[in-house]
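Peer 1: Mind looking over this structure? Questions follow.
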Amino acid sequence: MIEIVFMILGITFACMGPYIFKYKKFNIAYMLFYAKSIEKYPEKKLVKNKNEVAQFIGKVYTVLGVSTFLIGLIFLIFSISETYIIIPLLTIAVYIFYNYFHINKIVEK
């Protein structure tokens with residue numbers, strides 16, 4: 001059951017990522033990724049390089065969506081126990097934290 005949830009989340013993220021990347025939708029990217037996480041920039045108006053931030057967040061969502069979908073598909077096809085799903089979840093969490101700090105560097109430029 002968890003595999004199907006992973007696949008649905010992966011498809012959702014994989015569809016949002018290119019949309020944000022292509023149309024440079026900063027407001028959507030701001031709400032989705034780091035609305036409450038940047039204390040220095042409480043308002044969206046203070047961010048100067050909105051297109052660059054939106055494109056990077058779009059790339060992050062695309063990678064997360066594809067990897068989440070593939071993880072769910074692999075677990076579904078090979079009937080791997082759901083207890084082993086913690087390993088890819090930790091990998092995705094590390095990737096998100098790394099990109100969080102990278103986005104902070106982009107915003108501070």
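Ordering of the structure tokens sets the chain letters (A, B, ...); residue numbers start at 1 within each chain; ligands are numbered from 1 in the order shown.
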So that I can see what lies close to Lys25 (chain A), please list as a list in words the residues with an atom at most 9 Å from it, counting only C-alpha atoms and leaving out residues fewer than 4 positions away in the same chain.
Peer 2: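 With the cut-off at 9 Å, the set is Tyr19, Ile20, Phe21, Ala29, Tyr30, Lys50, Asn51, Ala54, Gln55 and Gly58 of chain A.
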Peer 1: Can you list, as a PDB file with all heavy atoms, in the first residue's frame, every protein, DNA or RNA residue that comes within 9 Å of Gly17 (chain A) when you count only C-alpha atoms, leaving out same-chain residues fewer than 4 positions away?
Peer 2:
```
ATOM      1  N   THR A  12       3.092  13.356  -8.646  1.00  0.00           N
ATOM      2  CA  THR A  12       2.707  14.736  -8.325  1.00  0.00           C
ATOM      3  C   THR A  12       3.915  15.658  -8.310  1.00  0.00           C
ATOM      4  O   THR A  12       3.894  16.734  -8.925  1.00  0.00           O
ATOM      5  CB  THR A  12       2.004  14.776  -6.948  1.00  0.00           C
ATOM      6  OG1 THR A  12       0.915  13.866  -6.954  1.00  0.00           O
ATOM      7  CG2 THR A  12       1.507  16.168  -6.633  1.00  0.00           C
ATOM      8  N   PHE A  13       4.981  15.252  -7.615  1.00  0.00           N
ATOM      9  CA  PHE A  13       6.186  16.071  -7.579  1.00  0.00           C
ATOM     10  C   PHE A  13       6.828  16.194  -8.959  1.00  0.00           C
ATOM     11  O   PHE A  13       7.322  17.252  -9.329  1.00  0.00           O
ATOM     12  CB  PHE A  13       7.206  15.504  -6.594  1.00  0.00           C
ATOM     13  CG  PHE A  13       6.845  15.695  -5.158  1.00  0.00           C
ATOM     14  CD1 PHE A  13       7.269  14.791  -4.209  1.00  0.00           C
ATOM     15  CD2 PHE A  13       6.092  16.771  -4.738  1.00  0.00           C
ATOM     16  CE1 PHE A  13       6.951  14.954  -2.872  1.00  0.00           C
ATOM     17  CE2 PHE A  13       5.758  16.950  -3.416  1.00  0.00           C
ATOM     18  CZ  PHE A  13       6.197  16.030  -2.474  1.00  0.00           C
ATOM     19  N   PHE A  21       9.772  24.979 -13.040  1.00  0.00           N
ATOM     20  CA  PHE A  21      11.014  25.282 -13.749  1.00  0.00           C
ATOM     21  C   PHE A  21      10.747  26.043 -15.038  1.00  0.00           C
ATOM     22  O   PHE A  21      11.406  27.042 -15.334  1.00  0.00           O
ATOM     23  CB  PHE A  21      11.762  23.983 -14.059  1.00  0.00           C
ATOM     24  CG  PHE A  21      13.053  24.198 -14.778  1.00  0.00           C
ATOM     25  CD1 PHE A  21      14.165  24.639 -14.091  1.00  0.00           C
ATOM     26  CD2 PHE A  21      13.153  23.974 -16.134  1.00  0.00           C
ATOM     27  CE1 PHE A  21      15.368  24.842 -14.746  1.00  0.00           C
ATOM     28  CE2 PHE A  21      14.344  24.181 -16.800  1.00  0.00           C
ATOM     29  CZ  PHE A  21      15.459  24.616 -16.103  1.00  0.00           C
ATOM     30  N   LYS A  22       9.778  25.603 -15.807  1.00  0.00           N
ATOM     31  CA  LYS A  22       9.533  26.196 -17.121  1.00  0.00           C
ATOM     32  C   LYS A  22       8.938  27.600 -17.020  1.00  0.00           C
ATOM     33  O   LYS A  22       9.373  28.513 -17.704  1.00  0.00           O
ATOM     34  CB  LYS A  22       8.603  25.300 -17.931  1.00  0.00           C
ATOM     35  CG  LYS A  22       8.351  25.807 -19.331  1.00  0.00           C
ATOM     36  CD  LYS A  22       7.495  24.863 -20.129  1.00  0.00           C
ATOM     37  CE  LYS A  22       7.265  25.398 -21.524  1.00  0.00           C
ATOM     38  NZ  LYS A  22       6.380  24.538 -22.291  1.00  0.00           N
ATOM     39  N   GLN A  55      13.700  28.230 -10.590  1.00  0.00           N
ATOM     40  CA  GLN A  55      14.252  27.184 -11.447  1.00  0.00           C
ATOM     41  C   GLN A  55      14.940  26.103 -10.621  1.00  0.00           C
ATOM     42  O   GLN A  55      14.795  24.917 -10.911  1.00  0.00           O
ATOM     43  CB  GLN A  55      15.232  27.778 -12.450  1.00  0.00           C
ATOM     44  CG  GLN A  55      14.541  28.492 -13.582  1.00  0.00           C
ATOM     45  CD  GLN A  55      15.528  28.950 -14.629  1.00  0.00           C
ATOM     46  OE1 GLN A  55      16.701  29.178 -14.343  1.00  0.00           O
ATOM     47  NE2 GLN A  55      15.047  29.100 -15.839  1.00  0.00           N
ATOM     48  N   ILE A  57      14.318  25.244  -7.476  1.00  0.00           N
ATOM     49  CA  ILE A  57      13.296  24.472  -6.766  1.00  0.00           C
ATOM     50  C   ILE A  57      12.551  23.559  -7.731  1.00  0.00           C
ATOM     51  O   ILE A  57      12.188  22.435  -7.384  1.00  0.00           O
ATOM     52  CB  ILE A  57      12.347  25.409  -6.000  1.00  0.00           C
ATOM     53  CG1 ILE A  57      13.106  26.074  -4.857  1.00  0.00           C
ATOM     54  CG2 ILE A  57      11.140  24.655  -5.454  1.00  0.00           C
ATOM     55  CD1 ILE A  57      12.331  27.129  -4.117  1.00  0.00           C
ATOM     56  N   GLY A  58      12.330  24.016  -8.960  1.00  0.00           N
ATOM     57  CA  GLY A  58      11.721  23.153  -9.973  1.00  0.00           C
ATOM     58  C   GLY A  58      12.568  21.924 -10.252  1.00  0.00           C
ATOM     59  O   GLY A  58      12.046  20.808 -10.366  1.00  0.00           O
ATOM     60  N   LYS A  59      13.878  22.107 -10.353  1.00  0.00           N
ATOM     61  CA  LYS A  59      14.777  20.966 -10.554  1.00  0.00           C
ATOM     62  C   LYS A  59      14.727  20.009  -9.373  1.00  0.00           C
ATOM     63  O   LYS A  59      14.702  18.790  -9.549  1.00  0.00           O
ATOM     64  CB  LYS A  59      16.217  21.454 -10.744  1.00  0.00           C
ATOM     65  CG  LYS A  59      16.477  22.145 -12.048  1.00  0.00           C
ATOM     66  CD  LYS A  59      17.910  22.647 -12.096  1.00  0.00           C
ATOM     67  CE  LYS A  59      18.176  23.486 -13.302  1.00  0.00           C
ATOM     68  NZ  LYS A  59      19.541  24.032 -13.307  1.00  0.00           N
ATOM     69  N   VAL A  60      14.709  20.563  -8.168  1.00  0.00           N
ATOM     70  CA  VAL A  60      14.666  19.728  -6.966  1.00  0.00           C
ATOM     71  C   VAL A  60      13.382  18.900  -6.955  1.00  0.00           C
ATOM     72  O   VAL A  60      13.412  17.690  -6.681  1.00  0.00           O
ATOM     73  CB  VAL A  60      14.778  20.594  -5.690  1.00  0.00           C
ATOM     74  CG1 VAL A  60      14.460  19.781  -4.450  1.00  0.00           C
ATOM     75  CG2 VAL A  60      16.157  21.207  -5.586  1.00  0.00           C
ATOM     76  N   TYR A  61      12.256  19.514  -7.253  1.00  0.00           N
ATOM     77  CA  TYR A  61      11.001  18.776  -7.253  1.00  0.00           C
ATOM     78  C   TYR A  61      10.960  17.714  -8.347  1.00  0.00           C
ATOM     79  O   TYR A  61      10.383  16.651  -8.158  1.00  0.00           O
ATOM     80  CB  TYR A  61       9.807  19.718  -7.385  1.00  0.00           C
ATOM     81  CG  TYR A  61       9.291  20.153  -6.046  1.00  0.00           C
ATOM     82  CD1 TYR A  61       9.725  21.337  -5.472  1.00  0.00           C
ATOM     83  CD2 TYR A  61       8.400  19.371  -5.351  1.00  0.00           C
ATOM     84  CE1 TYR A  61       9.272  21.726  -4.237  1.00  0.00           C
ATOM     85  CE2 TYR A  61       7.934  19.747  -4.120  1.00  0.00           C
ATOM     86  CZ  TYR A  61       8.370  20.924  -3.566  1.00  0.00           C
ATOM     87  OH  TYR A  61       7.919  21.299  -2.335  1.00  0.00           O
ATOM     88  N   THR A  62      11.566  17.992  -9.485  1.00  0.00           N
ATOM     89  CA  THR A  62      11.612  16.992 -10.544  1.00  0.00           C
ATOM     90  C   THR A  62      12.426  15.777 -10.110  1.00  0.00           C
ATOM     91  O   THR A  62      11.990  14.633 -10.280  1.00  0.00           O
ATOM     92  CB  THR A  62      12.205  17.597 -11.829  1.00  0.00           C
ATOM     93  OG1 THR A  62      11.440  18.747 -12.196  1.00  0.00           O
ATOM     94  CG2 THR A  62      12.185  16.599 -12.967  1.00  0.00           C
ATOM     95  N   VAL A  63      13.593  16.011  -9.536  1.00  0.00           N
ATOM     96  CA  VAL A  63      14.435  14.908  -9.068  1.00  0.00           C
ATOM     97  C   VAL A  63      13.738  14.129  -7.957  1.00  0.00           C
ATOM     98  O   VAL A  63      13.731  12.892  -7.953  1.00  0.00           O
ATOM     99  CB  VAL A  63      15.814  15.436  -8.594  1.00  0.00           C
ATOM    100  CG1 VAL A  63      16.593  14.369  -7.869  1.00  0.00           C
ATOM    101  CG2 VAL A  63      16.603  15.967  -9.776  1.00  0.00           C
ATOM    102  N   LEU A  64      13.136  14.848  -7.011  1.00  0.00           N
ATOM    103  CA  LEU A  64      12.427  14.167  -5.929  1.00  0.00           C
ATOM    104  C   LEU A  64      11.250  13.349  -6.446  1.00  0.00           C
ATOM    105  O   LEU A  64      11.000  12.242  -5.990  1.00  0.00           O
ATOM    106  CB  LEU A  64      11.925  15.177  -4.901  1.00  0.00           C
ATOM    107  CG  LEU A  64      12.955  15.745  -3.954  1.00  0.00           C
ATOM    108  CD1 LEU A  64      12.328  16.824  -3.085  1.00  0.00           C
ATOM    109  CD2 LEU A  64      13.552  14.668  -3.109  1.00  0.00           C
ATOM    110  N   GLY A  65      10.522  13.891  -7.404  1.00  0.00           N
ATOM    111  CA  GLY A  65       9.371  13.176  -7.948  1.00  0.00           C
ATOM    112  C   GLY A  65       9.759  11.911  -8.677  1.00  0.00           C
ATOM    113  O   GLY A  65       9.171  10.847  -8.460  1.00  0.00           O
TER     114      GLY A  65
END
```
Peer 1: Can you tell me, as a VMD selection string, what residues are no more than 9 Å from Leu70 (chain A) when counting only C-alpha atoms, ignoring any on the same chain fewer than 5 positions away?
Peer 2: chain A and resid 6 to 7 10 65 75
Peer 1: So that I can check the surroundings of Ile92 (chain A), please list as a PyMOL selection string every protein, DNA and RNA residue that reaches within 10 Å of it, counting only C-alpha atoms and ignoring chain neighbours fewer than 5 positions away.
Peer 2: chain A and resi 63-64+67-68+86-87+97-98
Peer 1: Would you put the residues from that selection into a file with N, CA and C atoms, as a short mmCIF file (atom, residue, chain, number, x, y, z; two decimals), in the first residue's frame?
Peer 2:
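Below you can see selection.cif, which holds the result:
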```cif
data_model
loop_
_atom_site.label_atom_id
_atom_site.label_comp_id
_atom_site.auth_asym_id
_atom_site.auth_seq_id
_atom_site.Cartn_x
_atom_site.Cartn_y
_atom_site.Cartn_z
N VAL A 63 13.59 16.01 -9.54
CA VAL A 63 14.43 14.91 -9.07
C VAL A 63 13.74 14.13 -7.96
N LEU A 64 13.14 14.85 -7.01
CA LEU A 64 12.43 14.17 -5.93
C LEU A 64 11.25 13.35 -6.45
N SER A 67 12.60 10.22 -8.38
CA SER A 67 13.18 9.23 -7.47
C SER A 67 12.12 8.60 -6.57
N THR A 68 11.16 9.37 -6.10
CA THR A 68 10.10 8.81 -5.27
C THR A 68 9.25 7.82 -6.05
N ILE A 86 12.80 2.76 4.78
CA ILE A 86 13.45 3.80 5.57
C ILE A 86 14.77 4.24 4.93
N ILE A 87 15.46 3.36 4.24
CA ILE A 87 16.74 3.70 3.61
C ILE A 87 16.57 4.74 2.51
N PHE A 97 17.65 18.34 2.75
CA PHE A 97 18.41 19.23 3.63
C PHE A 97 19.58 19.89 2.88
N TYR A 98 20.26 19.13 2.04
CA TYR A 98 21.35 19.70 1.26
C TYR A 98 20.83 20.83 0.36
#
```
Peer 1: Could you work out how far CA of Pro18 (chain A) lies from CA of His102 (chain A), giving the answer in Å with one decimal?
Peer 2: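 A separation of 19.2 Å between them.
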Peer 1: May I ask for the distance between CA of Asn104 (chain A) and CA of Phe26 (chain A), given in Å to one decimal place?
Peer 2: 14.6 Å
Peer 1: So which one's closest to Cys15 (chain A), A:Lys105, A:Val66, A:Met1, A:Glu52? Using only C-alpha atoms, please.
Peer 2: A:Val66
Peer 1: Would you mind telling me which residue in A:Phe56, A:Tyr23, A:Phe69, A:Tyr95 lies nearest to Val5 (chain A) when using only C-alpha atoms?
Peer 2: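 Closest candidate: A:Phe69.
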Peer 1: What lies within 9 Å of Ile106 (chain A) using only C-alpha atoms, ignoring chain neighbours under 5 positions off, as a PDB file with N, CA, C and O atoms, in the first residue's frame?
Peer 2:
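Below is the file selection_5.pdb, written as the result:
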```pdb
ATOM      1  N   ASN A  49      16.499  37.425  -6.673  1.00  0.00           N
ATOM      2  CA  ASN A  49      16.692  36.530  -7.807  1.00  0.00           C
ATOM      3  C   ASN A  49      15.609  35.441  -7.817  1.00  0.00           C
ATOM      4  O   ASN A  49      15.885  34.271  -7.672  1.00  0.00           O
ATOM      5  N   GLU A  52      15.878  32.490 -10.569  1.00  0.00           N
ATOM      6  CA  GLU A  52      16.897  31.476 -10.272  1.00  0.00           C
ATOM      7  C   GLU A  52      16.437  30.541  -9.160  1.00  0.00           C
ATOM      8  O   GLU A  52      16.615  29.326  -9.250  1.00  0.00           O
ATOM      9  N   VAL A  53      15.805  31.094  -8.140  1.00  0.00           N
ATOM     10  CA  VAL A  53      15.297  30.277  -7.034  1.00  0.00           C
ATOM     11  C   VAL A  53      14.190  29.358  -7.533  1.00  0.00           C
ATOM     12  O   VAL A  53      14.148  28.168  -7.211  1.00  0.00           O
ATOM     13  N   PHE A 101      19.952  24.162   2.224  1.00  0.00           N
ATOM     14  CA  PHE A 101      21.085  25.051   2.464  1.00  0.00           C
ATOM     15  C   PHE A 101      21.582  25.676   1.161  1.00  0.00           C
ATOM     16  O   PHE A 101      22.025  26.820   1.152  1.00  0.00           O
TER      17      PHE A 101
END
```
Peer 1: Where in chain A does DSSP assign helix (DSSP H, G or I), given as a count of residues only?
Peer 2: 88
Peer 1: Between CA of Leu73 (chain A) and CA of Ile28 (chain A), what distance in Å does the model show, to one decimal?
Peer 2: 27.6 Å
